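Next comes input-v4.cif, a file with mmCIF, C-alpha atoms and all ligand atoms.
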```cif
data_my_file
#
loop_
_atom_site.label_atom_id
_atom_site.label_comp_id
_atom_site.auth_asym_id
_atom_site.auth_seq_id
_atom_site.Cartn_x
_atom_site.Cartn_y
_atom_site.Cartn_z
CA MET W 25 -8.96 13.06 72.85
CA THR W 26 -11.06 16.22 73.19
CA GLU W 27 -10.56 18.15 70.01
CA ILE W 28 -10.48 21.93 70.35
CA ILE W 29 -10.86 23.76 67.07
CA GLY W 30 -8.98 26.80 65.79
CA PHE W 31 -10.10 28.73 62.69
CA ILE W 32 -8.01 31.24 60.73
CA GLY W 33 -9.51 33.25 57.82
CA LEU W 34 -13.05 34.47 58.41
CA GLY W 35 -14.09 35.80 55.01
CA ASN W 36 -16.93 34.95 52.66
CA MET W 37 -16.35 31.23 53.24
CA GLY W 38 -14.68 31.06 56.65
CA MET W 39 -17.41 32.96 58.49
CA PRO W 40 -20.32 30.69 57.54
CA MET W 41 -18.13 27.62 58.12
CA LEU W 42 -17.34 28.94 61.60
CA ASP W 43 -21.04 29.58 62.15
CA GLN W 44 -21.81 25.92 61.46
CA LEU W 45 -19.18 24.79 63.97
CA LEU W 46 -20.54 27.13 66.63
CA LYS W 47 -24.12 26.03 65.97
CA SER W 48 -23.05 22.46 66.70
CA GLU W 49 -21.79 23.57 70.12
CA LYS W 50 -18.06 23.50 69.28
CA LYS W 51 -15.76 25.88 71.10
CA VAL W 52 -13.72 27.62 68.40
CA SER W 53 -10.72 29.93 68.79
CA VAL W 54 -10.39 32.27 65.80
CA HIS W 55 -8.03 34.73 64.14
CA ASP W 56 -8.22 37.07 61.14
CA ILE W 57 -6.37 40.25 60.19
CA SER W 58 -9.72 42.03 59.77
CA GLU W 59 -11.08 43.59 62.96
CA ASP W 60 -14.59 43.59 61.45
CA SER W 61 -14.43 39.84 60.89
CA LEU W 62 -13.22 39.27 64.45
CA ALA W 63 -16.06 41.38 65.84
CA LYS W 64 -18.59 39.41 63.81
CA ALA W 65 -17.05 36.08 64.88
CA SER W 66 -17.22 37.17 68.50
CA GLU W 67 -20.92 38.02 68.09
CA LEU W 68 -21.47 34.51 66.71
CA GLY W 69 -19.86 33.07 69.86
CA ALA W 70 -16.24 32.37 68.87
CA VAL W 71 -13.27 33.01 71.16
CA VAL W 72 -11.13 35.70 69.53
CA ALA W 73 -7.37 35.02 69.68
CA GLY W 74 -4.85 37.83 69.24
CA SER W 75 -2.60 35.98 66.81
CA VAL W 76 -2.00 32.82 64.80
CA SER W 77 0.12 31.43 67.63
CA ASP W 78 -2.63 32.11 70.18
CA VAL W 79 -4.96 29.98 68.06
CA ALA W 80 -2.26 27.30 67.82
CA LYS W 81 -1.82 27.27 71.61
CA ALA W 82 -5.58 26.94 72.21
CA ALA W 83 -6.45 24.25 69.64
CA ASN W 84 -5.46 20.76 68.55
CA ILE W 85 -7.26 20.98 65.21
CA VAL W 86 -6.64 24.16 63.20
CA ILE W 87 -8.54 25.00 60.00
CA THR W 88 -7.26 27.67 57.60
CA MET W 89 -9.48 29.32 54.96
CA LEU W 90 -7.28 32.00 53.40
CA PRO W 91 -7.36 33.81 50.03
CA ALA W 92 -4.23 32.52 48.25
CA SER W 93 -0.85 30.77 48.54
CA SER W 94 1.00 33.85 49.83
CA HIS W 95 -1.44 34.24 52.77
CA VAL W 96 -1.25 30.54 53.54
CA ARG W 97 2.56 30.65 53.48
CA SER W 98 2.65 33.55 55.92
CA VAL W 99 0.21 31.88 58.34
CA TYR W 100 2.05 28.52 58.28
CA PHE W 101 5.68 29.58 57.79
CA GLY W 102 5.76 33.13 59.19
CA ASN W 103 7.21 34.10 62.56
CA SER W 104 5.15 32.31 65.21
CA GLY W 105 3.23 30.67 62.36
CA LEU W 106 1.36 27.40 62.65
CA ILE W 107 4.29 25.10 61.88
CA GLU W 108 6.38 26.71 64.60
CA SER W 109 3.74 27.27 67.26
CA ALA W 110 1.23 24.41 66.94
CA GLN W 111 1.18 21.88 69.76
CA LEU W 112 2.75 18.51 68.98
CA GLY W 113 0.26 16.26 67.17
CA THR W 114 -2.03 19.09 66.03
CA LEU W 115 -4.11 18.30 62.95
CA LEU W 116 -3.71 21.14 60.44
CA ILE W 117 -6.47 21.40 57.81
CA ASP W 118 -5.95 23.83 54.95
CA SER W 119 -9.18 24.46 53.04
CA SER W 120 -7.84 27.37 50.97
CA THR W 121 -7.45 26.97 47.22
CA ILE W 122 -3.70 27.27 46.61
CA ASP W 123 -1.02 25.73 44.41
CA VAL W 124 -0.09 22.08 44.80
CA ASP W 125 3.61 22.76 45.51
CA THR W 126 2.86 25.10 48.43
CA SER W 127 0.38 22.63 49.86
CA ARG W 128 2.88 19.76 49.63
CA GLU W 129 5.63 21.91 51.13
CA ILE W 130 3.42 22.67 54.14
CA GLY W 131 2.56 18.97 54.44
CA VAL W 132 6.25 18.03 54.59
CA ALA W 133 7.08 20.80 57.09
CA ALA W 134 4.11 19.85 59.27
CA ALA W 135 5.15 16.19 59.40
CA LYS W 136 8.73 17.19 60.24
CA ALA W 137 7.47 19.34 63.13
CA GLY W 138 5.33 16.47 64.49
CA HIS W 139 1.93 17.58 63.21
CA GLU W 140 -0.65 15.98 60.94
CA MET W 141 -1.70 17.87 57.81
CA ILE W 142 -4.46 17.44 55.25
CA ASP W 143 -5.41 19.65 52.33
CA ALA W 144 -9.20 19.89 52.26
CA PRO W 145 -10.31 22.47 49.70
CA VAL W 146 -14.03 22.86 49.14
CA THR W 147 -16.56 23.12 46.38
CA GLY W 148 -20.09 24.43 46.78
CA GLY W 149 -19.43 28.09 47.55
CA VAL W 150 -20.95 30.47 50.06
CA MET W 151 -24.51 29.18 49.77
CA ALA W 152 -23.39 25.63 50.61
CA ALA W 153 -21.15 26.94 53.42
CA ARG W 154 -24.14 28.70 55.03
CA VAL W 155 -26.08 25.46 55.35
CA GLY W 156 -23.20 23.08 56.10
CA LYS W 157 -23.35 21.42 52.69
CA LEU W 158 -19.85 21.93 51.33
CA ASN W 159 -17.96 19.20 49.51
CA PHE W 160 -14.48 18.66 50.95
CA ILE W 161 -11.88 17.13 48.62
CA VAL W 162 -9.24 15.69 50.92
CA GLY W 163 -5.57 14.82 50.43
CA GLY W 164 -3.48 13.27 53.20
CA GLU W 165 -2.93 10.20 55.34
CA LYS W 166 -6.13 8.18 55.76
CA THR W 167 -5.72 8.25 59.56
CA SER W 168 -5.66 12.06 59.47
CA PHE W 169 -8.72 12.03 57.21
CA GLU W 170 -10.53 9.85 59.78
CA ARG W 171 -9.54 12.25 62.56
CA ALA W 172 -10.82 15.23 60.56
CA LYS W 173 -14.15 13.64 59.59
CA PRO W 174 -16.26 14.62 62.66
CA VAL W 175 -15.26 18.26 62.20
CA LEU W 176 -15.57 18.34 58.40
CA ASN W 177 -18.95 16.61 58.61
CA ILE W 178 -20.35 19.59 60.51
CA MET W 179 -19.49 21.93 57.61
CA GLY W 180 -19.90 19.57 54.68
CA GLN W 181 -22.21 16.98 53.19
CA ASN W 182 -19.64 15.10 51.10
CA LEU W 183 -16.13 14.20 52.25
CA LEU W 184 -14.27 13.00 49.17
CA TYR W 185 -10.89 11.32 49.65
CA ALA W 186 -8.58 12.14 46.73
CA GLY W 187 -5.26 10.48 47.71
CA PRO W 188 -1.95 11.50 49.32
CA GLN W 189 -1.43 15.00 50.70
CA GLY W 190 -1.68 17.59 47.89
CA SER W 191 -4.19 15.50 45.89
CA GLY W 192 -7.20 17.36 47.26
CA ILE W 193 -5.92 20.67 45.99
CA GLY W 194 -4.91 19.09 42.66
CA VAL W 195 -8.46 17.83 42.08
CA LYS W 196 -9.91 21.17 43.22
CA ILE W 197 -7.79 23.14 40.71
CA CYS W 198 -8.98 20.87 37.88
CA ASN W 199 -12.58 21.34 39.08
CA ASN W 200 -12.36 25.12 39.10
CA MET W 201 -10.77 25.21 35.68
CA SER W 202 -13.93 23.53 34.43
CA LEU W 203 -16.16 25.87 36.50
CA GLY W 204 -14.53 29.04 35.15
CA ILE W 205 -15.08 27.89 31.57
CA SER W 206 -18.65 26.70 32.34
CA MET W 207 -19.69 30.05 33.80
CA ILE W 208 -18.61 31.83 30.62
CA ALA W 209 -20.45 29.19 28.57
CA ALA W 210 -23.63 29.79 30.61
CA ALA W 211 -23.33 33.57 30.21
CA GLU W 212 -22.66 33.37 26.46
CA THR W 213 -25.61 31.01 26.00
CA LEU W 214 -28.13 33.26 27.77
CA MET W 215 -26.78 36.42 26.16
CA LEU W 216 -27.08 34.93 22.68
CA ALA W 217 -30.66 33.89 23.47
CA LYS W 218 -31.39 37.42 24.70
CA ARG W 219 -30.01 39.07 21.56
CA LEU W 220 -31.96 36.63 19.40
CA GLY W 221 -35.11 37.92 21.11
CA LEU W 222 -36.01 34.49 22.53
CA ASP W 223 -38.23 34.07 25.59
CA LEU W 224 -35.40 33.99 28.14
CA LYS W 225 -37.34 32.22 30.89
CA ARG W 226 -38.42 29.45 28.51
CA THR W 227 -34.91 29.23 27.03
CA TYR W 228 -33.49 28.79 30.53
CA GLU W 229 -36.04 26.10 31.44
CA ILE W 230 -35.26 24.13 28.27
CA ILE W 231 -31.46 24.37 28.28
CA SER W 232 -31.10 23.76 32.02
CA SER W 233 -32.76 20.39 31.50
CA ALA W 234 -31.19 19.62 28.08
CA SER W 235 -27.70 18.67 26.92
CA GLY W 236 -26.45 22.28 27.24
CA GLN W 237 -26.89 22.29 31.01
CA ASN W 238 -23.93 22.72 33.35
CA TRP W 239 -23.48 23.35 37.09
CA ALA W 240 -22.98 27.11 36.67
CA LEU W 241 -26.15 27.49 34.59
CA ASN W 242 -28.30 25.20 36.72
CA ASN W 243 -27.11 26.19 40.20
CA TYR W 244 -25.43 29.60 39.97
CA CYS W 245 -27.15 31.25 37.05
CA PRO W 246 -25.24 34.34 35.81
CA LEU W 247 -28.48 36.21 34.98
CA PRO W 248 -30.90 37.33 37.71
CA GLY W 249 -34.36 35.95 38.29
CA PHE W 250 -33.90 32.25 37.54
CA ILE W 251 -32.59 30.79 40.83
CA ASP W 252 -33.12 31.95 44.42
CA GLY W 253 -30.19 33.12 46.54
CA VAL W 254 -27.53 33.48 43.83
CA PRO W 255 -25.28 36.58 43.51
CA SER W 256 -26.85 37.63 40.17
CA ASN W 257 -30.03 38.40 42.15
CA SER W 258 -28.22 40.84 44.43
CA GLY W 259 -26.09 42.96 42.12
CA TYR W 260 -23.35 40.31 41.84
CA LYS W 261 -22.16 40.78 45.43
CA PRO W 262 -19.79 37.81 46.05
CA GLY W 263 -20.12 34.89 46.65
CA PHE W 264 -16.95 33.98 44.87
CA SER W 265 -15.17 37.01 43.51
CA ALA W 266 -13.90 37.35 39.94
CA GLU W 267 -10.45 37.88 41.49
CA MET W 268 -10.71 34.43 43.13
CA MET W 269 -11.66 32.87 39.82
CA ARG W 270 -8.72 34.62 38.13
CA LYS W 271 -6.48 33.20 40.86
CA ASP W 272 -7.82 29.67 40.33
CA LEU W 273 -7.40 29.84 36.55
CA ARG W 274 -3.84 31.05 37.03
CA LEU W 275 -3.30 28.05 39.30
CA SER W 276 -4.62 25.67 36.65
CA GLN W 277 -2.60 27.33 33.88
CA ASN W 278 0.57 27.16 35.96
CA ALA W 279 -0.18 23.53 36.84
CA ALA W 280 -0.77 22.78 33.13
CA LEU W 281 2.55 24.37 32.24
CA SER W 282 4.37 22.31 34.86
CA VAL W 283 3.20 19.03 33.28
CA ASP W 284 2.99 20.17 29.66
CA ALA W 285 -0.83 19.79 29.49
CA CYS W 286 -2.79 21.53 26.71
CA THR W 287 -5.56 23.79 28.13
CA PRO W 288 -6.51 26.37 25.47
CA LEU W 289 -10.08 27.08 26.71
CA SER W 290 -8.80 27.68 30.21
CA ALA W 291 -6.20 30.11 28.80
CA HIS W 292 -8.97 32.00 27.03
CA ALA W 293 -11.19 31.99 30.14
CA LEU W 294 -8.32 33.43 32.18
CA SER W 295 -7.93 36.23 29.66
CA ILE W 296 -11.65 37.06 29.90
CA TYR W 297 -11.72 37.13 33.74
CA SER W 298 -8.49 39.16 33.78
CA HIS W 299 -10.04 41.76 31.50
CA PHE W 300 -13.12 41.84 33.76
CA CYS W 301 -10.99 42.23 36.93
CA ASP W 302 -8.78 44.90 35.40
CA SER W 303 -11.86 46.87 34.34
CA GLY W 304 -12.82 47.42 38.00
CA ASP W 305 -14.79 44.24 38.68
CA SER W 306 -12.26 42.21 40.65
CA GLN W 307 -14.57 42.17 43.70
CA THR W 308 -17.70 41.45 41.66
CA ASP W 309 -18.97 37.87 41.82
CA TYR W 310 -17.48 35.76 39.02
CA SER W 311 -20.97 35.19 37.59
CA GLY W 312 -20.95 38.94 36.85
CA ILE W 313 -18.85 38.00 33.81
CA SER W 314 -22.27 38.06 32.07
CA LYS W 315 -22.15 41.88 32.34
CA LEU W 316 -18.99 41.88 30.21
CA ILE W 317 -20.28 39.30 27.81
CA GLY W 318 -23.68 40.99 27.52
CA GLY W 319 -22.32 44.51 27.23
CA ASP W 320 -21.45 46.46 24.13
CA ALA W 321 -17.77 46.44 25.05
CA TRP W 322 -17.35 42.90 23.82
CA ASP W 323 -14.47 43.86 21.61
CA TYR W 324 -11.50 43.43 23.89
CA PRO W 325 -8.39 41.92 22.33
CA PHE W 326 -7.73 38.33 23.33
CA ASN W 327 -4.36 38.42 25.04
CA PRO W 328 -3.61 35.18 26.82
CA GLU W 329 -1.80 35.85 30.10
CA PRO W 330 1.72 34.49 30.16
CA VAL W 331 1.71 31.41 32.36
CA GLY W 332 3.95 31.47 35.39
CA THR W 333 2.07 34.49 36.81
CA SER W 334 1.83 34.19 40.57
CA ASP W 335 -1.54 34.20 42.38
P1 LIG W 401 -12.11 36.07 51.49
O1 LIG W 401 -11.13 36.98 50.87
O2 LIG W 401 -13.54 36.46 51.58
O3 LIG W 401 -11.63 35.71 52.99
C1 LIG W 401 -10.31 35.48 53.37
C2 LIG W 401 -10.13 35.90 54.82
O4 LIG W 401 -8.77 35.64 55.18
C3 LIG W 401 -10.38 37.40 55.04
O5 LIG W 401 -11.26 37.57 56.13
C4 LIG W 401 -8.99 37.95 55.34
O6 LIG W 401 -9.00 39.07 56.22
C5 LIG W 401 -8.33 36.74 55.97
N1 LIG W 401 -6.86 36.80 55.94
C6 LIG W 401 -6.05 37.13 54.91
N2 LIG W 401 -4.75 37.04 55.28
C7 LIG W 401 -4.76 36.64 56.58
C8 LIG W 401 -3.72 36.36 57.52
N3 LIG W 401 -2.43 36.49 57.20
N4 LIG W 401 -4.08 35.96 58.76
C9 LIG W 401 -5.40 35.83 59.10
N5 LIG W 401 -6.41 36.08 58.25
C10 LIG W 401 -6.10 36.48 57.00
O7 LIG W 401 -11.97 34.68 50.72
P2 LIG W 401 -13.07 33.51 50.61
O8 LIG W 401 -14.01 33.80 49.51
O9 LIG W 401 -13.57 33.22 51.96
O10 LIG W 401 -12.14 32.31 50.08
C11 LIG W 401 -11.21 31.66 50.93
C12 LIG W 401 -10.59 30.51 50.16
O11 LIG W 401 -11.62 29.59 49.79
C13 LIG W 401 -9.90 30.94 48.86
O12 LIG W 401 -8.72 30.21 48.69
C14 LIG W 401 -10.93 30.61 47.80
O13 LIG W 401 -10.33 30.35 46.54
C15 LIG W 401 -11.59 29.38 48.40
N6 LIG W 401 -12.97 29.15 47.96
C16 LIG W 401 -13.86 30.19 47.95
C17 LIG W 401 -15.17 29.93 47.54
C18 LIG W 401 -16.21 31.05 47.50
O14 LIG W 401 -17.30 30.82 46.96
N7 LIG W 401 -15.92 32.23 48.05
C19 LIG W 401 -15.55 28.65 47.14
C20 LIG W 401 -14.63 27.62 47.21
C21 LIG W 401 -13.33 27.88 47.63
#
```
Would you mind giving the structure from this file in structure tokens?
Amino acid sequence: MTEIIGFIGLGNMGMPMLDQLLKSEKKVSVHDISEDSLAKASELGAVVAGSVSDVAKAANIVITMLPASSHVRSVYFGNSGLIESAQLGTLLIDSSTIDVDTSREIGVAAAKAGHEMIDAPVTGGVMAARVGKLNFIVGGEKTSFERAKPVLNIMGQNLLYAGPQGSGIGVKICNNMSLGISMIAAAETLMLAKRLGLDLKRTYEIISSASGQNWALNNYCPLPGFIDGVPSNSGYKPGFSAEMMRKDLRLSQNAALSVDACTPLSAHALSIYSHFCDSGDSQTDYSGISKLIGGDAWDYPFNPEPVGTSD
């Protein structure tokens, strides 16, 4: 079968993912609510569709890369949404980071309507998306995973099968809970070193190869000048916004509540990112949390957000 690809959601992640597909000679039909994004996608060589249903009519594999559960719900379940308008047998791939229940609900509705559905959230961020080196964590039927592989391989370097539909997003939420905490740990570490008057470059070299290393410190350093191409080098332009990290920590806290899991560090991390977002930095890259931690305003009251807050 000739697979024709549709892509909905052309933001920080979706646009470079689309670019990879186009560079490998795929014909891609796209939609976004942002006219600017559509214009940019058209310049890259995509076919701009007027609506979600126009994408669904043109494609038999549709990828969605949307901000949060509410956007994903409206694209899949809205009037003339994907569930209603996709051609029979379409493979729907949701790469957005959303809650497990919404993902499973879409999976059930897709199967009922005669489609295939996998959740395939990503890790790696914008830099990995630009060079086709994302990691996809996939939940769904193995046959659907096999069908998706040639397309996912263009955008990713690792395709990691997690289990039944909804498992990919479950693993991703656990991953980002760890990432949110690790970024704060990296920022606190470097800021303490700075205030102690240590040679920061030497401190970074030692810790990033010692037992205090973590992915955020080694690959996405929250202070400028240590790693090429990271948001801290360009005024914390995202990248991955603090608002997105707040969303993901809310997802993990809500998931923890639903299964009675104890996640106190994640609760504290959520409080810190929330304070940062509410102070006007919601669209700053999440590594910009070092500005809050390094600043003199490090006296905010720790008020854990009540769990059950929607994303
Ligand atoms: P973004 O906000 O930059 O882009 C989202 C795009 O979706 C925007 O272009 C927006 O206009 C579009 N959109 C919103 N509602 C729409 C609708 N109803 N119909 C069509 N288009 C719509 O977000 P992003 O940073 O690209 O992230 C997308 C997803 O990927 C999120 O779930 C995020 O958590 C996840 N993610 C992001 C990163 C990262 O580094 N940015 C890394 C891993 C995962």
Using all atoms listed in the file, which residues of region 228-335 of chain W come within 9 Å of region 147-166 of chain W, and what is the closest atom pair for each, with the distance in Å to one decimal? Give it as CSV, sorted by chain and residue number.
```
residue,atom,partner,partner_atom,distance
W:Gly253,CA,W:Met151,CA,7.6
W:Val254,CA,W:Met151,CA,7.9
W:Pro262,CA,W:Val150,CA,8.4
W:Gly263,CA,W:Val150,CA,5.6
W:Phe264,CA,W:Gly149,CA,6.9
```
Considering all atoms listed in the file, give me a table of residues in chain W that are at most 8 Å from ligand LIG 401 (chain W), with the closest atom pair and distance in Å for each, as a tab-separated table.
```
residue	atom	partner	partner_atom	distance
W:Ile32	CA	W:LIG401	C9	5.5
W:Gly33	CA	W:LIG401	O4	3.6
W:Leu34	CA	W:LIG401	O5	4.2
W:Gly35	CA	W:LIG401	O3	3.2
W:Asn36	CA	W:LIG401	O9	3.8
W:Met37	CA	W:LIG401	O9	3.7
W:Gly38	CA	W:LIG401	O9	5.3
W:Met39	CA	W:LIG401	O9	7.6
W:His55	CA	W:LIG401	C9	5.8
W:Asp56	CA	W:LIG401	N5	3.6
W:Ile57	CA	W:LIG401	N5	4.6
W:Ser58	CA	W:LIG401	O6	4.7
W:Ser61	CA	W:LIG401	O5	6.2
W:Val76	CA	W:LIG401	N4	7.1
W:Met89	CA	W:LIG401	C11	5.0
W:Leu90	CA	W:LIG401	O4	4.3
W:Pro91	CA	W:LIG401	C13	4.0
W:Ala92	CA	W:LIG401	O12	5.1
W:Ser93	CA	W:LIG401	O12	7.9
W:His95	CA	W:LIG401	N2	5.0
W:Val96	CA	W:LIG401	N3	7.1
W:Ser98	CA	W:LIG401	N3	6.0
W:Val99	CA	W:LIG401	N3	5.4
W:Ser119	CA	W:LIG401	O11	6.5
W:Ser120	CA	W:LIG401	O12	3.7
W:Thr121	CA	W:LIG401	O12	3.8
W:Ile122	CA	W:LIG401	O12	6.2
W:Pro145	CA	W:LIG401	C21	6.5
W:Val146	CA	W:LIG401	C20	5.2
W:Thr147	CA	W:LIG401	C20	5.0
W:Gly148	CA	W:LIG401	C19	6.2
W:Gly149	CA	W:LIG401	O14	3.5
W:Val150	CA	W:LIG401	O14	4.8
W:Met151	CA	W:LIG401	O14	7.9
W:Pro262	CA	W:LIG401	N7	7.1
W:Gly263	CA	W:LIG401	O14	5.0
W:Phe264	CA	W:LIG401	N7	3.8
W:Ser265	CA	W:LIG401	N7	6.6
W:Met268	CA	W:LIG401	O13	5.3
W:Met269	CA	W:LIG401	O13	7.3
W:Lys271	CA	W:LIG401	O13	7.4
W:Asp272	CA	W:LIG401	O13	6.7
```
Nearest candidate to Thr88 (chain W) (options W:Glu129, W:Asp223, W:Asp305, W:Asp118; using all atoms listed in the file) |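 Among the listed residues, the smallest separation from Thr88 (chain W) belongs to W:Asp118.
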What lies within 10 Å of Ala266 (chain W) using all atoms listed in the file, ignoring chain neighbours under 5 positions off, as a compact mmCIF listing (two decimals) with C-alpha atoms, keeping the file's coordinate frame?
```
# COMPACT_ATOMS: atom_id res chain seq x y z
CA GLY W 204 -14.53 29.04 35.15
CA LYS W 271 -6.48 33.20 40.86
CA ASP W 272 -7.82 29.67 40.33
CA TYR W 297 -11.72 37.13 33.74
CA SER W 298 -8.49 39.16 33.78
CA PHE W 300 -13.12 41.84 33.76
CA CYS W 301 -10.99 42.23 36.93
CA ASP W 305 -14.79 44.24 38.68
CA SER W 306 -12.26 42.21 40.65
CA GLN W 307 -14.57 42.17 43.70
CA THR W 308 -17.70 41.45 41.66
CA ASP W 309 -18.97 37.87 41.82
CA TYR W 310 -17.48 35.76 39.02
CA SER W 311 -20.97 35.19 37.59
CA GLY W 312 -20.95 38.94 36.85
CA ILE W 313 -18.85 38.00 33.81
```
Have a look at W:Ser233, W:Ser109, W:Ser191, W:Thr26 and name the one nearest to Gly131 (chain W); count only C-alpha atoms.
->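 Between W:Ser233, W:Ser109, W:Ser191, W:Thr26, the residue approaching Gly131 (chain W) most closely is W:Ser191.
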Atom pair CA of Ala280 (chain W) / CA of His292 (chain W): separation (Å) |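 Distance reported for this atom pair: 13.8 Å.
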CA of Leu316 (chain W) to CA of Gly304 (chain W), straight-line distance in Å =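 A separation of 11.4 Å between them.
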Quick one: residues within 7 Å of Gln44 (chain W), all atoms listed in the file counted, chain neighbours fewer than 3 positions away excluded, as a ChimeraX atom specification?
-> /W:40-41,47-48,156,178-179
